[in-house]
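Below is one structure, written out as structure tokens; comments come after it.
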Amino acid sequence: MKKIALVTGGGSGIGRAIALGLALLGSEVFLGGRDERRLQVVADEIARQGGRAWPCAGDLADDAQLRKLAQRVLDEGGGIDVLVNCAGSFKMGSWESEPVEDLDELYRITLRAPYQLTQLLLPALKARTGQVVFINSSAALMAGAKWGAYSAMKAGLKSLADSLRAEVNSSGVRVVSVFPGRTATPMQERIFGLENRPYSRENLIQPEDVARMVVAALELPHTAEVTDIFVRPTKKLA
Ligand SMILES: NC(=O)c1ccc[n+]([C@@H]2O[C@H](COP(=O)([O-])OP(=O)(O)OC[C@H]3O[C@@H](n4cnc5c(N)ncnc54)[C@H](OP(=O)(O)O)[C@@H]3O)[C@@H](O)[C@H]2O)c1
């Protein structure tokens with residue numbers, strides 16, 4: 001049976017690299033994100049590799065669009081083997097200045113969307129002893145100044161993943177959280193700008209490095225489960 005994967009945030013950065021990696025191993029990939037053009041570019045790259053992918057444009061902060069995405073995967077894919085919750089957003093600001101609306105926005109994309117999407121797809125994942133990946137962040141484990149809202153949401157995401165694992169391992173479903181440090185993606189380039197640092201992608205983790213670890217974890221025989229992946233840039237920022 002063909003393997004079906006859904007990668008949210010599949011149009012860029014870490015999600016794109018994971019989608020390409022999964023497609024190379026034979027999965028057919030549904031790509032989630034808002035920017036249809038970028039999703040199409042990744043789908044075309046996958047087609048050039050000899051694989052198949054479908055751009056599924058939609059805003060995961062919108063319940064109706066999120067439900068539509070889940071239904072499309074089930075209808076057109078006929079089931080799902082791997083769900084990669086990768087889409088994410090970043091905000092930073094001090095306690096004194098950051099508006100509470102930033103927290104609301106981060107909550108919808110970092111916690112609510114993966115929670116709801118996983119819930120909607122869980123029966124289908126169980127039916128195929130599937131796997132769920134949560135792209136978390138090293139920020140979940142250490143909250144620096146001005147990173148409170150983002151770190152809090154990622155810490156919450158770890159709790160969701162851990163509780164899901166405790167519930168579904170008995171059905172054979174595996175759950176892995178990935179905690180990358182700074183990775184060379186459009187989001188990280190923007191963070192460097194917000195921090196007034198010169199951006200140098202060559203000193204950061206590459207998205208393909210993260211993807212290789214994720215794919216390796218997913219490919220393990222089902223007798224073993226990788227629960228958490230920690231990856232850091234070798235050279236630390238000054
Ligand atoms: N880069 C790092 O250093 C780093 C480190 C640790 C963890 N992470 C995590 O890695 C994940 C991927 O980020 P990235 O670094 O690869 O950055 P990125 O290239 O900016 O990717 C973020 C993706 O999320 C999608 N997205 C954002 N809001 C969305 C929404 N409302 N609905 C649907 N899709 C949405 C974006 O697509 P559209 O814009 O097309 O919607 C984009 O493809 C995030 O969860 C991030 O927190 C990144």
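If you're wondering about the labels, chains in the structure tokens are A, B, ... by order shown, residues count from 1 in each chain, ligands from 1 in order shown.
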
Would you return as a PyMOL selection string the members of region 17-202 of chain A that DSSP assigns to alpha helix (DSSP H) on this structure's backbone?
chain A and resi 17-24+36-48+63-77+100-107+113-127+148-168+186-194

Could the residues that lie within 7 Å of ligand 1, counting only C-alpha atoms and all ligand atoms, be listed as a VMD selection string?
chain A and resid 8 to 15 32 to 36 38 58 to 61 86 to 90 109 to 110 135 to 138 179 to 188

Give me the region 73-143 of chain A side of the contact with region 149-173 of chain A, cut-off 7 Å, one line per residue showing its nearest atom pair and distance in Å at one decimal, counting only C-alpha atoms, sorted by chain and residue number, as JSON lines.
```
{"residue": "A:Phe90", "atom": "CA", "partner": "A:Tyr150", "partner_atom": "CA", "distance": 6.4}
{"residue": "A:Lys91", "atom": "CA", "partner": "A:Tyr150", "partner_atom": "CA", "distance": 6.4}
{"residue": "A:Leu103", "atom": "CA", "partner": "A:Ala149", "partner_atom": "CA", "distance": 5.7}
{"residue": "A:Leu106", "atom": "CA", "partner": "A:Tyr150", "partner_atom": "CA", "distance": 6.8}
{"residue": "A:Tyr107", "atom": "CA", "partner": "A:Met153", "partner_atom": "CA", "distance": 6.3}
{"residue": "A:Thr110", "atom": "CA", "partner": "A:Met153", "partner_atom": "CA", "distance": 6.2}
{"residue": "A:Leu111", "atom": "CA", "partner": "A:Leu157", "partner_atom": "CA", "distance": 5.9}
{"residue": "A:Lys126", "atom": "CA", "partner": "A:Val173", "partner_atom": "CA", "distance": 6.2}
{"residue": "A:Thr129", "atom": "CA", "partner": "A:Val173", "partner_atom": "CA", "distance": 4.9}
{"residue": "A:Gly130", "atom": "CA", "partner": "A:Val173", "partner_atom": "CA", "distance": 5.2}
{"residue": "A:Gln131", "atom": "CA", "partner": "A:Val173", "partner_atom": "CA", "distance": 5.5}
{"residue": "A:Asn136", "atom": "CA", "partner": "A:Lys154", "partner_atom": "CA", "distance": 5.8}
{"residue": "A:Ser137", "atom": "CA", "partner": "A:Lys154", "partner_atom": "CA", "distance": 6.5}
{"residue": "A:Ala139", "atom": "CA", "partner": "A:Ser151", "partner_atom": "CA", "distance": 5.0}
{"residue": "A:Ala140", "atom": "CA", "partner": "A:Ala155", "partner_atom": "CA", "distance": 4.4}
{"residue": "A:Leu141", "atom": "CA", "partner": "A:Ala155", "partner_atom": "CA", "distance": 6.8}
{"residue": "A:Ala143", "atom": "CA", "partner": "A:Ser151", "partner_atom": "CA", "distance": 5.5}
```

Store the residues of this selection in a file with C-alpha atoms, as a compact mmCIF listing (two decimals), in the first residue's frame.
```
# COMPACT_ATOMS: atom_id res chain seq x y z
CA PHE A 90 7.38 33.40 15.61
CA LYS A 91 6.84 36.48 17.74
CA LEU A 103 0.15 35.13 22.36
CA LEU A 106 0.99 31.87 18.41
CA TYR A 107 -1.47 29.71 20.34
CA THR A 110 1.55 26.31 17.61
CA LEU A 111 -0.91 24.49 19.85
CA LYS A 126 -4.36 4.28 14.31
CA THR A 129 -0.22 2.18 12.99
CA GLY A 130 0.92 5.60 11.84
CA GLN A 131 3.34 8.14 13.24
CA ASN A 136 9.04 21.73 18.56
CA SER A 137 12.05 23.93 19.44
CA ALA A 139 13.10 27.27 23.05
CA ALA A 140 10.59 24.93 24.72
CA LEU A 141 13.31 23.86 27.13
CA ALA A 143 12.94 30.52 27.70
```

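For Asp62 (chain A), the residues within 12 Å (counting only C-alpha atoms, excluding itself and residues fewer than 6 positions away along the chain) are Gly33, Arg34, Lys68, Leu69, Glu105, Arg108, Ile109, Arg112, Ala113, Gln116 and Leu117 of chain A.
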
Spatial neighbours of Phe134 (chain A), 7 Å, only C-alpha atoms, chain gap at least 3 places, as a PyMOL selection string:
chain A and resi 84-86+176-178

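Close contacts of Met92 (chain A), defined as residues with an atom at most 9 Å away when counting only C-alpha atoms, with chain neighbours fewer than 3 positions off set aside, comprise Glu98, Asp102, Ala145, Lys146, Trp147, Gly148, Ala149, Tyr150, Ile191 and Leu194 of chain A.
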
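All residues of protein, DNA or RNA that reach within 12 Å of Glu45 (chain A), judged by only C-alpha atoms and not counting those fewer than 2 positions away in the chain, are Gly10, Gly11, Arg16, Ala17, Ala19, Leu20, Gly21, Ala23, Leu24, Val29, Arg38, Leu39, Gln40, Val41, Val42, Ala43, Ala47, Arg48, Gln49, Gly50, Gly51, Arg52, Ala53, Trp54 and Pro55 of chain A.
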
Could you turn the residues from that selection into a file that holds N, CA and C atoms, as a short mmCIF file (atom, residue, chain, number, x, y, z; two decimals), in the first residue's frame?
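Output file part_16.cif follows:
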```cif
data_model
loop_
_atom_site.label_atom_id
_atom_site.label_comp_id
_atom_site.auth_asym_id
_atom_site.auth_seq_id
_atom_site.Cartn_x
_atom_site.Cartn_y
_atom_site.Cartn_z
N GLY A 10 4.87 22.68 4.75
CA GLY A 10 5.68 21.96 3.76
C GLY A 10 6.22 22.82 2.63
N GLY A 11 5.85 24.10 2.62
CA GLY A 11 6.29 24.96 1.53
C GLY A 11 7.63 25.63 1.75
N ARG A 16 9.61 21.75 4.31
CA ARG A 16 9.97 21.42 2.91
C ARG A 16 11.00 20.30 2.89
N ALA A 17 12.03 20.42 3.74
CA ALA A 17 13.10 19.41 3.75
C ALA A 17 12.56 18.04 4.16
N ALA A 19 9.42 17.02 3.78
CA ALA A 19 8.57 16.55 2.68
C ALA A 19 9.42 15.92 1.57
N LEU A 20 10.52 16.58 1.21
CA LEU A 20 11.40 16.03 0.17
C LEU A 20 12.00 14.70 0.63
N GLY A 21 12.39 14.63 1.90
CA GLY A 21 12.98 13.40 2.44
C GLY A 21 11.99 12.24 2.44
N ALA A 23 9.34 11.96 0.54
CA ALA A 23 9.01 11.61 -0.85
C ALA A 23 10.10 10.74 -1.46
N LEU A 24 11.36 11.04 -1.12
CA LEU A 24 12.47 10.23 -1.66
C LEU A 24 12.33 8.77 -1.25
N VAL A 29 3.01 12.84 -0.64
CA VAL A 29 3.01 13.88 0.40
C VAL A 29 1.97 14.97 0.11
N ARG A 38 4.25 28.67 -3.24
CA ARG A 38 5.42 28.00 -2.64
C ARG A 38 5.19 26.50 -2.50
N LEU A 39 3.96 26.12 -2.19
CA LEU A 39 3.64 24.69 -2.07
C LEU A 39 3.80 24.01 -3.43
N GLN A 40 3.38 24.73 -4.48
CA GLN A 40 3.49 24.16 -5.83
C GLN A 40 4.95 23.97 -6.21
N VAL A 41 5.81 24.93 -5.81
CA VAL A 41 7.25 24.80 -6.11
C VAL A 41 7.80 23.52 -5.47
N VAL A 42 7.42 23.26 -4.23
CA VAL A 42 7.91 22.04 -3.55
C VAL A 42 7.32 20.79 -4.20
N ALA A 43 6.04 20.86 -4.57
CA ALA A 43 5.42 19.71 -5.25
C ALA A 43 6.16 19.42 -6.56
N ALA A 47 8.17 16.10 -7.70
CA ALA A 47 7.89 15.41 -8.97
C ALA A 47 9.19 15.18 -9.75
N ARG A 48 10.10 16.16 -9.71
CA ARG A 48 11.39 15.99 -10.42
C ARG A 48 12.22 14.87 -9.79
N GLN A 49 12.03 14.64 -8.48
CA GLN A 49 12.72 13.52 -7.80
C GLN A 49 12.08 12.18 -8.14
N GLY A 50 10.94 12.23 -8.84
CA GLY A 50 10.23 10.99 -9.17
C GLY A 50 9.09 10.68 -8.21
N GLY A 51 8.77 11.62 -7.30
CA GLY A 51 7.71 11.38 -6.32
C GLY A 51 6.42 12.09 -6.66
N ARG A 52 5.47 12.03 -5.71
CA ARG A 52 4.18 12.68 -5.93
C ARG A 52 3.81 13.50 -4.70
N ALA A 53 3.34 14.73 -4.95
CA ALA A 53 2.94 15.59 -3.83
C ALA A 53 1.80 16.48 -4.27
N TRP A 54 0.98 16.88 -3.30
CA TRP A 54 -0.17 17.74 -3.60
C TRP A 54 -0.14 18.98 -2.73
N PRO A 55 -0.10 20.16 -3.35
CA PRO A 55 -0.20 21.39 -2.57
C PRO A 55 -1.62 21.53 -2.02
#
```

I'd like to know which residues of region 58-222 of chain A are strand (DSSP E or B) (by DSSP, run on the backbone); could you write them as number ranges by chain?
A: 82-85, 131-135, 174-180, 183, 205

For the residues in the current selection, export C-alpha atoms as a short mmCIF file (atom, residue, chain, number, x, y, z; two decimals), in the first residue's frame.
```cif
data_model
loop_
_atom_site.label_atom_id
_atom_site.label_comp_id
_atom_site.auth_asym_id
_atom_site.auth_seq_id
_atom_site.Cartn_x
_atom_site.Cartn_y
_atom_site.Cartn_z
CA VAL A 82 2.67 10.05 8.83
CA LEU A 83 1.50 13.42 10.14
CA VAL A 84 4.23 16.05 10.49
CA ASN A 85 3.03 19.07 12.48
CA GLN A 131 3.34 8.14 13.24
CA VAL A 132 3.04 11.72 14.44
CA VAL A 133 5.89 14.23 14.39
CA PHE A 134 5.79 17.51 16.29
CA ILE A 135 8.38 20.06 15.24
CA ARG A 174 4.56 6.39 17.55
CA VAL A 175 5.02 10.04 18.50
CA VAL A 176 8.23 12.02 18.18
CA SER A 177 9.02 15.58 19.26
CA VAL A 178 11.88 17.38 17.54
CA PHE A 179 13.69 20.21 19.34
CA PRO A 180 15.93 22.02 16.85
CA THR A 183 18.06 26.35 11.74
CA ILE A 205 21.68 23.80 11.42
#
```
